[in-house]
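Engineer: For reference, the file upload26.csv (CSV, C-alpha atoms and all ligand atoms) is included below:
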chain,number,residue,atom,x,y,z
A,1,MET,CA,-7.7,18.5,6.4
A,2,THR,CA,-6.8,15.3,4.5
A,3,THR,CA,-4.2,13.0,6.0
A,4,ILE,CA,-2.3,11.0,3.3
A,5,LEU,CA,-0.2,8.0,4.2
A,6,GLN,CA,2.5,7.8,1.6
A,7,ILE,CA,4.1,4.4,1.6
A,8,ASP,CA,7.2,3.6,-0.5
A,9,SER,CA,8.3,0.0,-0.7
A,10,SER,CA,10.9,0.1,-3.5
A,11,ALA,CA,14.4,-0.9,-2.5
A,12,ARG,CA,15.7,1.5,-5.0
A,13,MET,CA,15.9,5.3,-4.3
A,14,GLN,CA,16.7,7.7,-7.2
A,15,ARG,CA,16.0,5.1,-9.9
A,16,SER,CA,12.7,4.1,-8.5
A,17,LEU,CA,9.6,4.8,-10.6
A,18,THR,CA,7.1,4.1,-7.9
A,19,ARG,CA,8.8,6.6,-5.6
A,20,ARG,CA,8.8,9.2,-8.3
A,21,LEU,CA,5.1,8.6,-8.9
A,22,SER,CA,4.0,8.5,-5.3
A,23,ALA,CA,5.9,11.8,-4.8
A,24,LEU,CA,4.1,13.3,-7.9
A,25,PHE,CA,0.7,12.3,-6.4
A,26,VAL,CA,1.5,14.1,-3.2
A,27,GLU,CA,2.9,17.1,-5.0
A,28,SER,CA,-0.3,17.3,-7.2
A,29,TRP,CA,-2.5,16.9,-4.1
A,30,ARG,CA,-0.7,19.7,-2.3
A,31,SER,CA,-1.3,22.0,-5.2
A,32,HIS,CA,-5.0,21.7,-4.3
A,33,GLU,CA,-4.7,21.4,-0.6
A,34,PRO,CA,-1.4,22.9,0.5
A,35,ASP,CA,-1.9,22.1,4.2
A,36,ALA,CA,-2.7,18.4,3.7
A,37,ARG,CA,-0.9,16.3,6.3
A,38,VAL,CA,1.4,13.7,4.7
A,39,ILE,CA,2.9,10.8,6.7
A,40,HIS,CA,5.7,9.2,4.8
A,41,ARG,CA,6.5,5.6,5.6
A,42,ASP,CA,9.6,4.4,3.8
A,43,LEU,CA,9.5,0.6,3.9
A,44,GLY,CA,12.2,0.2,1.2
A,45,GLN,CA,14.7,2.1,3.4
A,46,ASN,CA,13.4,0.7,6.7
A,47,PRO,CA,11.8,-2.7,6.2
A,48,PRO,CA,9.7,-3.8,9.2
A,49,VAL,CA,10.8,-6.9,11.1
A,50,LEU,CA,9.0,-10.1,10.3
A,51,VAL,CA,6.4,-11.2,12.8
A,52,SER,CA,7.7,-13.9,15.2
A,53,GLU,CA,6.2,-16.4,17.6
A,54,GLU,CA,6.8,-13.7,20.4
A,55,TRP,CA,4.9,-11.1,18.3
A,56,ILE,CA,1.9,-13.4,17.7
A,57,ALA,CA,1.8,-14.4,21.4
A,58,ALA,CA,1.9,-10.7,22.4
A,59,ALA,CA,-0.7,-9.7,19.9
A,60,PHE,CA,-3.1,-12.3,21.2
A,61,THR,CA,-2.6,-11.4,24.8
A,62,PRO,CA,-5.2,-8.9,26.1
A,63,PRO,CA,-3.4,-5.4,26.5
A,64,GLU,CA,-3.9,-5.3,30.3
A,65,GLU,CA,-2.1,-8.6,30.6
A,66,ARG,CA,0.9,-7.8,28.5
A,67,THR,CA,4.4,-7.9,30.0
A,68,PRO,CA,6.9,-5.0,29.3
A,69,ASP,CA,8.7,-7.4,26.9
A,70,MET,CA,5.4,-8.1,25.0
A,71,ALA,CA,4.8,-4.3,24.8
A,72,ARG,CA,8.3,-3.9,23.4
A,73,VAL,CA,7.7,-6.6,20.7
A,74,LEU,CA,4.6,-4.8,19.6
A,75,ALA,CA,6.0,-1.2,19.7
A,76,LEU,CA,6.7,-1.0,15.9
A,77,SER,CA,3.3,-2.5,15.1
A,78,ASP,CA,1.6,0.1,17.3
A,79,GLU,CA,3.5,2.9,15.6
A,80,LEU,CA,2.6,1.6,12.1
A,81,ILE,CA,-1.0,1.1,13.1
A,82,ASP,CA,-1.3,4.6,14.6
A,83,GLU,CA,-0.2,6.0,11.1
A,84,LEU,CA,-2.7,3.8,9.4
A,85,LEU,CA,-5.7,4.7,11.6
A,86,VAL,CA,-5.4,8.4,10.9
A,87,ALA,CA,-5.0,8.0,7.2
A,88,ASP,CA,-7.9,9.2,5.0
A,89,LEU,CA,-6.0,8.0,1.9
A,90,ILE,CA,-3.0,5.8,1.2
A,91,VAL,CA,-0.8,6.3,-1.7
A,92,LEU,CA,1.2,3.1,-2.1
A,93,GLY,CA,4.3,2.8,-4.2
A,94,ALA,CA,4.5,-1.0,-4.9
A,95,PRO,CA,7.0,-2.4,-7.3
A,96,MET,CA,6.4,-5.9,-8.6
A,97,TYR,CA,9.0,-8.2,-7.2
A,98,ASN,CA,8.9,-11.8,-8.4
A,99,TYR,CA,5.3,-11.4,-9.5
A,100,GLY,CA,4.1,-10.2,-6.1
A,101,LEU,CA,4.6,-7.8,-3.2
A,102,PRO,CA,8.1,-6.7,-2.1
A,103,ALA,CA,8.9,-8.5,1.1
A,104,ALA,CA,9.1,-5.2,3.0
A,105,LEU,CA,5.5,-4.3,2.1
A,106,LYS,CA,4.3,-7.8,3.1
A,107,ALA,CA,6.1,-7.3,6.4
A,108,TRP,CA,4.3,-4.0,6.9
A,109,VAL,CA,0.9,-5.7,6.2
A,110,ASP,CA,1.7,-8.4,8.8
A,111,GLN,CA,2.6,-5.7,11.3
A,112,VAL,CA,-0.6,-3.6,10.9
A,113,VAL,CA,-3.1,-6.4,10.7
A,114,ARG,CA,-3.7,-7.0,14.4
A,115,VAL,CA,-6.6,-8.4,16.4
A,116,GLY,CA,-8.3,-5.8,18.6
A,117,ARG,CA,-6.5,-2.9,16.9
A,118,THR,CA,-7.3,-3.2,13.2
A,119,PHE,CA,-9.6,-6.2,13.0
A,120,SER,CA,-12.1,-8.0,15.3
A,121,PHE,CA,-12.8,-11.7,15.2
A,122,ASP,CA,-16.1,-13.3,16.2
A,123,LEU,CA,-17.2,-16.8,15.3
A,124,ALA,CA,-20.8,-15.6,15.8
A,125,ARG,CA,-20.4,-14.0,12.4
A,126,GLY,CA,-20.4,-17.4,10.7
A,127,ASP,CA,-18.2,-18.0,7.7
A,128,PHE,CA,-16.7,-14.5,7.8
A,129,PRO,CA,-15.6,-14.0,11.4
A,130,LEU,CA,-13.1,-11.3,10.6
A,131,ARG,CA,-14.1,-7.6,10.4
A,132,PRO,CA,-11.9,-4.6,9.8
A,133,MET,CA,-12.0,-1.9,12.6
A,134,LEU,CA,-10.9,0.9,10.3
A,135,THR,CA,-11.9,2.4,7.0
A,136,VAL,CA,-9.2,3.6,4.6
A,137,LYS,CA,-11.5,5.8,2.4
A,138,ARG,CA,-9.2,5.6,-0.7
A,139,LEU,CA,-6.3,3.6,-1.7
A,140,VAL,CA,-4.1,4.5,-4.7
A,141,VAL,CA,-1.8,1.7,-5.8
A,142,ILE,CA,1.1,2.8,-7.9
A,143,SER,CA,3.0,-0.2,-9.3
A,144,SER,CA,5.7,-0.8,-11.7
A,145,CYS,CA,7.0,-3.9,-13.4
A,146,GLY,CA,9.8,-4.8,-15.8
A,147,GLU,CA,7.7,-7.0,-18.0
A,148,PHE,CA,4.2,-6.4,-19.5
A,149,GLY,CA,1.0,-8.1,-20.6
A,150,PHE,CA,-0.5,-8.9,-17.1
A,151,ALA,CA,-4.1,-7.7,-18.1
A,152,PRO,CA,-6.8,-10.3,-18.9
A,153,GLY,CA,-6.0,-11.9,-22.3
A,154,GLY,CA,-2.3,-10.6,-22.2
A,155,LEU,CA,0.8,-12.6,-22.5
A,156,ARG,CA,1.2,-12.9,-18.8
A,157,ASP,CA,-2.4,-13.1,-17.8
A,158,GLY,CA,-2.7,-14.5,-14.3
A,159,TRP,CA,0.9,-13.8,-13.3
A,160,ASN,CA,0.3,-10.6,-11.5
A,161,HIS,CA,-0.1,-11.5,-7.8
A,162,LEU,CA,0.6,-8.0,-6.6
A,163,ASN,CA,-2.5,-6.1,-7.4
A,164,PRO,CA,-5.0,-8.8,-6.5
A,165,HIS,CA,-3.3,-9.4,-3.2
A,166,VAL,CA,-3.3,-5.7,-2.3
A,167,ARG,CA,-7.0,-5.5,-3.3
A,168,THR,CA,-8.0,-8.4,-1.0
A,169,ILE,CA,-6.0,-6.8,1.9
A,170,ALA,CA,-7.7,-3.5,1.3
A,171,THR,CA,-11.2,-4.7,1.0
A,172,GLN,CA,-11.1,-7.4,3.7
A,173,LEU,CA,-8.7,-5.8,6.2
A,174,PHE,CA,-8.7,-2.0,5.7
A,175,GLY,CA,-12.4,-1.5,5.0
A,176,THR,CA,-11.8,0.1,1.6
A,177,PRO,CA,-14.6,-0.5,-0.9
A,178,GLU,CA,-13.4,-2.1,-4.2
A,179,SER,CA,-14.6,1.0,-6.0
A,180,HIS,CA,-12.3,3.2,-3.9
A,181,ILE,CA,-9.2,1.4,-4.9
A,182,HIS,CA,-7.3,3.1,-7.8
A,183,GLU,CA,-4.5,1.3,-9.6
A,184,ILE,CA,-1.9,2.9,-11.9
A,185,ALA,CA,0.8,0.8,-13.3
A,186,VAL,CA,4.0,1.3,-15.3
A,187,GLU,CA,5.1,-1.6,-17.5
A,188,TYR,CA,8.1,-2.5,-19.8
A,189,GLN,CA,10.6,-1.0,-17.3
A,190,GLU,CA,13.2,-3.7,-18.3
A,191,PHE,CA,12.7,-3.1,-22.0
A,192,LYS,CA,13.6,0.6,-21.7
A,193,ASP,CA,12.1,1.3,-25.2
A,194,ASP,CA,9.3,3.6,-26.4
A,195,ARG,CA,6.6,1.3,-25.0
A,196,HIS,CA,8.1,2.0,-21.6
A,197,ASP,CA,8.3,5.7,-22.3
A,198,ARG,CA,4.7,5.8,-23.2
A,199,SER,CA,3.6,3.7,-20.3
A,200,LEU,CA,5.5,6.0,-17.9
A,201,SER,CA,4.1,9.1,-19.4
A,202,ASP,CA,0.6,7.7,-19.3
A,203,ALA,CA,1.1,6.8,-15.6
A,204,ARG,CA,2.3,10.3,-14.8
A,205,GLU,CA,-0.8,11.9,-16.5
A,206,ARG,CA,-3.1,9.5,-14.7
A,207,VAL,CA,-1.4,10.2,-11.3
A,208,VAL,CA,-1.9,14.0,-11.7
A,209,ARG,CA,-5.5,13.6,-12.9
A,210,LEU,CA,-6.4,11.2,-10.1
A,211,ALA,CA,-4.8,13.4,-7.4
A,212,THR,CA,-6.8,16.3,-8.8
A,213,GLU,CA,-10.1,14.4,-8.9
A,214,LEU,CA,-9.8,12.9,-5.5
A,215,ALA,CA,-8.6,16.2,-3.9
A,216,GLN,CA,-11.5,18.0,-5.4
A,217,GLU,CA,-13.9,15.4,-4.1
A,218,MET,CA,-12.4,14.8,-0.7
A,219,VAL,CA,-11.5,18.3,0.2
A,220,SER,CA,-14.8,19.8,-0.6
A,221,SER,CA,-16.9,17.0,1.1
A,301,LIG,C1,14.0,-8.0,-6.9
A,301,LIG,C2,13.3,-7.6,-8.2
A,301,LIG,C3,12.3,-8.5,-8.7
A,301,LIG,C4,11.6,-8.2,-9.8
A,301,LIG,N1,10.6,-9.0,-10.2
A,301,LIG,C5,9.9,-8.7,-11.3
A,301,LIG,C6,8.8,-9.5,-11.8
A,301,LIG,O1,8.6,-10.6,-11.3
A,301,LIG,N2,8.1,-9.2,-12.9
A,301,LIG,C7,8.4,-8.0,-13.5
A,301,LIG,O2,7.7,-7.7,-14.5
A,301,LIG,N3,9.3,-7.2,-13.1
A,301,LIG,C8,10.1,-7.5,-12.0
A,301,LIG,N4,11.1,-6.6,-11.6
A,301,LIG,C9,11.2,-5.3,-12.2
A,301,LIG,C10,10.6,-4.2,-11.4
A,301,LIG,O3,9.2,-4.5,-11.1
A,301,LIG,C11,10.8,-2.9,-12.0
A,301,LIG,O4,12.1,-2.6,-12.1
A,301,LIG,C12,10.0,-1.7,-11.3
A,301,LIG,O5,10.2,-0.5,-12.0
A,301,LIG,C13,10.5,-1.6,-9.9
A,301,LIG,O6,9.9,-0.5,-9.2
A,301,LIG,P1,10.8,0.7,-8.8
A,301,LIG,O7,11.2,1.3,-10.2
A,301,LIG,O8,9.9,1.6,-8.1
A,301,LIG,O9,12.0,0.3,-8.0
A,301,LIG,C14,11.8,-7.0,-10.5
A,301,LIG,C15,12.8,-6.1,-10.0
A,301,LIG,C16,13.5,-6.4,-8.9
A,301,LIG,C17,14.6,-5.5,-8.4
Show me, as structure tokens, the structure contained in the file I just sent.
Ligand SMILES: Cc1cc2nc3c(=O)[nH]c(=O)nc-3n(C[C@H](O)[C@H](O)[C@H](O)COP(=O)(O)O)c2cc1C
Structural biologist:
Amino acid sequence: MTTILQIDSSARMQRSLTRRLSALFVESWRSHEPDARVIHRDLGQNPPVLVSEEWIAAAFTPPEERTPDMARVLALSDELIDELLVADLIVLGAPMYNYGLPAALKAWVDQVVRVGRTFSFDLARGDFPLRPMLTVKRLVVISSCGEFGFAPGGLRDGWNHLNPHVRTIATQLFGTPESHIHEIAVEYQEFKDDRHDRSLSDARERVVRLATELAQEMVSS
């Protein structure tokens, strides 16, 4: 049975395109695997708290030496990490906010990247001391932006700091091979014209197709 971690990070609800598309992915998946387990983490509705000095001190204290206060500070982090560790696949709804990640999504990343739980650190490894302790097999990133032209050679080439950031997090911290990261984006949302309509309908088709392909591959393996 596949466990899907569905993460939504849009602050919008009904109007959110990324929410609609992450839900479409899950719905399409369930048409192939009705009993797939889906954990839904709604960061837009419930943004995680930011890490603090207390959080960092607690995270770097060995578990057996933590005080009850430290354990309390890390409780949300533990809950979010438990969800991440059981996920075979993450479907991530990630709107572009100010050319990057929504703050709620970045707060989630900061909560789940924790020494001894999701990564190990060893200077004996030389220039790359950090190593992920988990493997998220597949990551589906569904993004949406109001503008357009972020691809190489486009009008806004180099302005998209959302997808490259998520890719680095996934490859370096979640153990996901680059080839197992799938990106689907809607553009032109702010223009509300036929270019947007086409972009949205392409994204819908790609979401359904990708869910079908991945479900067939992962469920049969
Ligand atoms: C706070 C905020 C910041 C945004 N910043 C950008 C931006 O930098 N570039 C862009 O192309 N669109 C930007 N947009 C437009 C959103 O990316 C677009 O509305 C997208 O559809 C949001 O995802 P959602 O529909 O799932 O909420 C921004 C929207 C909001 C609300």
Engineer: Got a sec to check which residues lie within 12 Å of ligand LIG 301 (chain A), using only C-alpha atoms and all ligand atoms, and send them as a count of residues only?
Structural biologist: 60
Engineer: How many Å separate CA of Thr176 (chain A) from CA of Leu134 (chain A)?
Structural biologist: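 Between CA of Thr176 (chain A) and CA of Leu134 (chain A) the gap works out to 8.8 Å.
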Engineer: Could you please determine the separation between CA of Met218 (chain A) and CA of Thr3 (chain A) in Å, to one decimal place?
Structural biologist: 10.7 Å
Engineer: Out of A:Leu173, A:Val166, A:Asp194, A:Pro152, which residue has the shortest atom-to-atom distance to Pro129 (chain A) when counting only C-alpha atoms?
Structural biologist: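 Distance minimum relative to Pro129 (chain A) lands on A:Leu173.
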Engineer: Quick one: residues within 6 Å of Ile4 (chain A), only C-alpha atoms counted, chain neighbours fewer than 6 positions away excluded, as a compact mmCIF listing (two decimals) with C-alpha atoms, in the coordinates of the input?
Structural biologist:
# COMPACT_ATOMS: atom_id res chain seq x y z
CA VAL A 38 1.40 13.70 4.70
CA ALA A 87 -5.00 8.00 7.20
CA LEU A 89 -6.00 8.00 1.90
CA ILE A 90 -3.00 5.80 1.20
